Amino acid sequence: MEPARNSRRGDMDMISSLPDCLIHIIMSFLTAQEAVQTCVLSKRWKNLWISLPFLDFDLHKFKYNSESEDGVSERNRVDMFVGFVSTMLLLREPCDLHKFRFAGYYVSHFDFMRSWIPYALKHNLQVLNIVHVRECSVSPSIFTCASLVDASLGYAVKSVRNIKVIKLPRLRRLSLKGTHINQHFVDKLFWGCPVLEFLNLEQCHRDFSIINSQSLKYLNARTWSYCRGTDKRMDLINTPNLLSFCDSICPNLCGQKLLLKMPSLTSATIYMAKCHFNWCENKNNILIGLSNVQNLKLSGLGIKEFLETELSHCPEFAKAKDLSVDGLCLSCHFYILASFLNHFPNLEKLSLYYSGCSCKVRVPAKSSLKIVPFKGQQLKTVEVKFSKSDKYFPRVVKNMQDCTKTSRAQINMTGLCY
């Protein structure tokens, strides 16, 4: 009897016996087209897709007919995709929608999309994700959806000039890509999003000078080059509750005037761009605003000029445990790094990236520029990733040994093919 009982138990469809809410979570890992295709599995699955609260429409994954798909033109494939999306939304039950994702690319003829987004917003949408949609006008109603918690708009909003009102009382995460952002929009954004915690600005054209938010905790503002087509200079970033900060800076538009007020900051990633202006020799406030961090990452083509200017008035990073430096020639300019390290008395881990020497004027090996030994006693690990093809790397090794000779740090070196 026991073997027979186990056999019947093995023949049971355990997934189909789950409640609808759990099956919907399983179906959330499928595209909308794949979710609809589950209706052929059994009677239990026939109408589950009609009330699915997770809709993922991806043009790149859309399949019309596996046998004849190679013969279908791109325009016909897009038309079939548009028809599928419109039909599915028409047949769907009028229930709440948790997540709506749409992925396309250069879909300038998606006029139907103007009705798809409002449909999602009217059904208490919480998560909106638009990926690689260019040359398509997205409804400003996105910025007045009371239920929205997470919004990611990739190239979907070219300009924010037509956004008159922003009222998103529940929005916690916002990601914008390829958007021209001005000061008026930034002010309205933080006023209309009282609980916004995460803001990601990717490949955006920056045309604002002040960020002022009491709720923001994570800010990624690595936008396009500051010197390109704008006279706006960053004056102030006032975010008292910010924990993580990522930004690009350059001497022209983010130099001496930039004031960083981030007392809660624990992690910072700064890319130092190189432009036709030089860093001012006077004291600026950038490193002072970062002096409370525990983890600091510095990179970029302008890192040498920046650190050279800052060494004379560099603050002490007493809380810093982890430092990463990328972009500095460790063969010619290690003395700059060595002097900078002594402002990190409690440093425990140092990560260095050296892709080879590309200096126009090399510093001679027997130079009078001495390597200052690192005085910190907490340093445990030094990780160096270097280019295998660089002939000057032995000098880097000697510089590293001279710098860390008073510490007991373990030095790990990894060769890479750049």
# chains A, B, ... in the order shown; residues from 1 in each chain; ligands from 1

call {"tool": "select_by_dssp", "arguments": {"residues": "segment 200-335 of chain A", "states": "alpha helix (DSSP H)", "output": "JSON, numbers by chain"}}
result
{"A": [286, 287, 288, 289, 303, 304, 305, 306, 307, 308, 309, 310, 334, 335]}

call {"tool": "write_last_selection", "arguments": {"atoms": "all heavy atoms", "output": "CSV table (one decimal), in the first residue's frame"}}
result
chain,number,residue,atom,x,y,z
A,286,ILE,N,35.0,69.6,-1.7
A,286,ILE,CA,34.6,68.3,-2.1
A,286,ILE,C,35.0,67.2,-1.2
A,286,ILE,O,34.2,66.4,-0.7
A,286,ILE,CB,35.1,68.0,-3.6
A,286,ILE,CG1,34.5,69.0,-4.5
A,286,ILE,CG2,34.8,66.6,-4.0
A,286,ILE,CD1,35.0,68.9,-6.0
A,287,LEU,N,36.3,67.1,-0.9
A,287,LEU,CA,36.8,66.1,0.0
A,287,LEU,C,36.3,66.3,1.4
A,287,LEU,O,36.1,65.3,2.2
A,287,LEU,CB,38.3,66.0,0.0
A,287,LEU,CG,38.9,65.4,-1.3
A,287,LEU,CD1,40.4,65.3,-1.2
A,287,LEU,CD2,38.4,64.0,-1.6
A,288,ILE,N,36.1,67.6,1.8
A,288,ILE,CA,35.6,67.8,3.2
A,288,ILE,C,34.2,67.2,3.3
A,288,ILE,O,33.9,66.7,4.4
A,288,ILE,CB,35.6,69.4,3.4
A,288,ILE,CG1,37.0,69.9,3.5
A,288,ILE,CG2,34.8,69.7,4.7
A,288,ILE,CD1,37.1,71.4,3.7
A,289,GLY,N,33.4,67.4,2.3
A,289,GLY,CA,32.1,66.8,2.3
A,289,GLY,C,32.0,65.3,2.3
A,289,GLY,O,31.0,64.7,2.6
A,303,ILE,N,42.2,62.3,-12.0
A,303,ILE,CA,42.4,62.1,-10.6
A,303,ILE,C,43.8,62.6,-10.1
A,303,ILE,O,44.0,63.1,-9.0
A,303,ILE,CB,42.3,60.5,-10.3
A,303,ILE,CG1,42.5,60.3,-8.8
A,303,ILE,CG2,43.4,59.8,-11.1
A,303,ILE,CD1,42.2,58.8,-8.4
A,304,LYS,N,44.8,62.6,-11.0
A,304,LYS,CA,46.1,63.1,-10.7
A,304,LYS,C,46.1,64.6,-10.3
A,304,LYS,O,46.6,65.0,-9.3
A,304,LYS,CB,47.1,62.8,-11.8
A,304,LYS,CG,48.5,63.5,-11.6
A,304,LYS,CD,49.4,63.3,-12.8
A,304,LYS,CE,50.7,64.1,-12.7
A,304,LYS,NZ,50.4,65.5,-12.7
A,305,GLU,N,45.5,65.3,-11.2
A,305,GLU,CA,45.4,66.8,-11.0
A,305,GLU,C,44.6,67.1,-9.8
A,305,GLU,O,45.0,68.1,-9.0
A,305,GLU,CB,44.9,67.5,-12.3
A,305,GLU,CG,45.8,67.5,-13.5
A,305,GLU,CD,45.7,66.1,-14.2
A,305,GLU,OE1,44.9,65.3,-13.8
A,305,GLU,OE2,46.5,65.9,-15.2
A,306,PHE,N,43.6,66.4,-9.6
A,306,PHE,CA,42.7,66.7,-8.4
A,306,PHE,C,43.5,66.4,-7.1
A,306,PHE,O,43.5,67.3,-6.2
A,306,PHE,CB,41.5,65.8,-8.5
A,306,PHE,CG,40.6,65.9,-7.3
A,306,PHE,CD1,39.7,67.0,-7.2
A,306,PHE,CD2,40.6,65.0,-6.3
A,306,PHE,CE1,38.9,67.2,-6.0
A,306,PHE,CE2,39.8,65.1,-5.2
A,306,PHE,CZ,38.9,66.2,-5.1
A,307,LEU,N,44.1,65.3,-7.0
A,307,LEU,CA,44.8,64.9,-5.7
A,307,LEU,C,46.0,65.8,-5.5
A,307,LEU,O,46.3,66.2,-4.4
A,307,LEU,CB,45.2,63.5,-5.8
A,307,LEU,CG,44.1,62.4,-5.7
A,307,LEU,CD1,44.7,61.0,-5.7
A,307,LEU,CD2,43.3,62.6,-4.5
A,308,GLU,N,46.7,66.2,-6.6
A,308,GLU,CA,47.8,67.1,-6.4
A,308,GLU,C,47.4,68.4,-5.8
A,308,GLU,O,48.1,69.0,-5.0
A,308,GLU,CB,48.5,67.4,-7.8
A,308,GLU,CG,49.5,66.3,-8.2
A,308,GLU,CD,50.2,66.7,-9.5
A,308,GLU,OE1,49.5,67.2,-10.4
A,308,GLU,OE2,51.4,66.4,-9.6
A,309,THR,N,46.2,68.9,-6.2
A,309,THR,CA,45.7,70.2,-5.7
A,309,THR,C,45.2,70.1,-4.3
A,309,THR,O,45.4,71.0,-3.5
A,309,THR,CB,44.6,70.7,-6.6
A,309,THR,OG1,45.0,70.7,-8.0
A,309,THR,CG2,44.1,72.0,-6.2
A,310,GLU,N,44.7,68.9,-4.0
A,310,GLU,CA,44.0,68.7,-2.7
A,310,GLU,C,45.0,68.3,-1.5
A,310,GLU,O,44.6,68.4,-0.4
A,310,GLU,CB,43.0,67.6,-2.8
A,310,GLU,CG,41.7,68.1,-3.6
A,310,GLU,CD,41.0,69.2,-2.9
A,310,GLU,OE1,40.6,69.1,-1.8
A,310,GLU,OE2,41.0,70.3,-3.5
A,334,PHE,N,53.1,57.4,-8.0
A,334,PHE,CA,52.8,56.7,-6.8
A,334,PHE,C,53.0,57.6,-5.6
A,334,PHE,O,52.4,57.5,-4.5
A,334,PHE,CB,53.6,55.5,-6.6
A,334,PHE,CG,53.1,54.5,-5.7
A,334,PHE,CD1,52.3,53.4,-6.1
A,334,PHE,CD2,53.3,54.6,-4.3
A,334,PHE,CE1,51.8,52.5,-5.2
A,334,PHE,CE2,52.8,53.7,-3.4
A,334,PHE,CZ,52.1,52.6,-3.9
A,335,TYR,N,53.9,58.6,-5.7
A,335,TYR,CA,54.2,59.5,-4.5
A,335,TYR,C,52.9,60.3,-4.1
A,335,TYR,O,52.8,60.6,-3.0
A,335,TYR,CB,55.3,60.4,-4.9
A,335,TYR,CG,55.0,61.4,-6.0
A,335,TYR,CD1,54.6,62.7,-5.7
A,335,TYR,CD2,55.2,61.1,-7.3
A,335,TYR,CE1,54.3,63.6,-6.7
A,335,TYR,CE2,54.9,62.0,-8.3
A,335,TYR,CZ,54.4,63.2,-8.0
A,335,TYR,OH,54.1,64.1,-9.0

call {"tool": "residues_around", "arguments": {"residues": "Gly376 of chain A", "least_positions_apart": "2", "cutoff": "7 Å", "atoms": "only C-alpha atoms", "output": "ChimeraX atom specification"}}
result
/A:345-347,374,378-379

call {"tool": "atom_distance", "arguments": {"atom1": "atom CA of Lys61 of chain A", "atom2": "atom CA of Ser147 of chain A"}}
result
28.5 Å

call {"tool": "atom_distance", "arguments": {"atom1": "atom CA of Pro53 of chain A", "atom2": "atom CA of His24 of chain A"}}
result
7.2 Å

call {"tool": "atom_distance", "arguments": {"atom1": "atom CA of Leu350 of chain A", "atom2": "atom CA of Val382 of chain A"}}
result
4.8 Å

call {"tool": "residues_around", "arguments": {"residues": "segment 405-414 of chain A", "least_positions_apart": "2", "cutoff": "10 Å", "atoms": "only C-alpha atoms", "output": "PyMOL selection string"}}
result
chain A and resi 348-353+373-388+397+400-403+416

call {"tool": "closest_residue", "arguments": {"among": "A:Arg170, A:Val165, A:Cys246, A:Lys188", "to": "Asn124 of chain A", "atoms": "only C-alpha atoms"}}
result
A:Arg170

call {"tool": "residues_around", "arguments": {"residues": "Leu298 of chain A", "least_positions_apart": "5", "cutoff": "10 Å", "atoms": "only C-alpha atoms", "output": "number ranges by chain"}}
result
A: 268-272, 303, 323-328, 352

call {"tool": "select_by_dssp", "arguments": {"residues": "segment 117-260 of chain A", "states": "strand (DSSP E or B)", "output": "MDAnalysis selection string"}}
result
chainID A and resid 127:131 150:154 159 173:177 180:182 198:202 205:207 210:212 218:221 236:238 244:249 259:260

call {"tool": "residues_around", "arguments": {"residues": "Leu243 of chain A", "least_positions_apart": "3", "cutoff": "9 Å", "atoms": "only C-alpha atoms", "output": "list of chain:residue names"}}
result
A:Leu216, A:Lys217, A:Tyr218, A:Leu219, A:Pro240, A:Met262, A:Pro263, A:Ser264, A:Leu265, A:Thr266, A:Ser267, A:Ala268, A:Val293
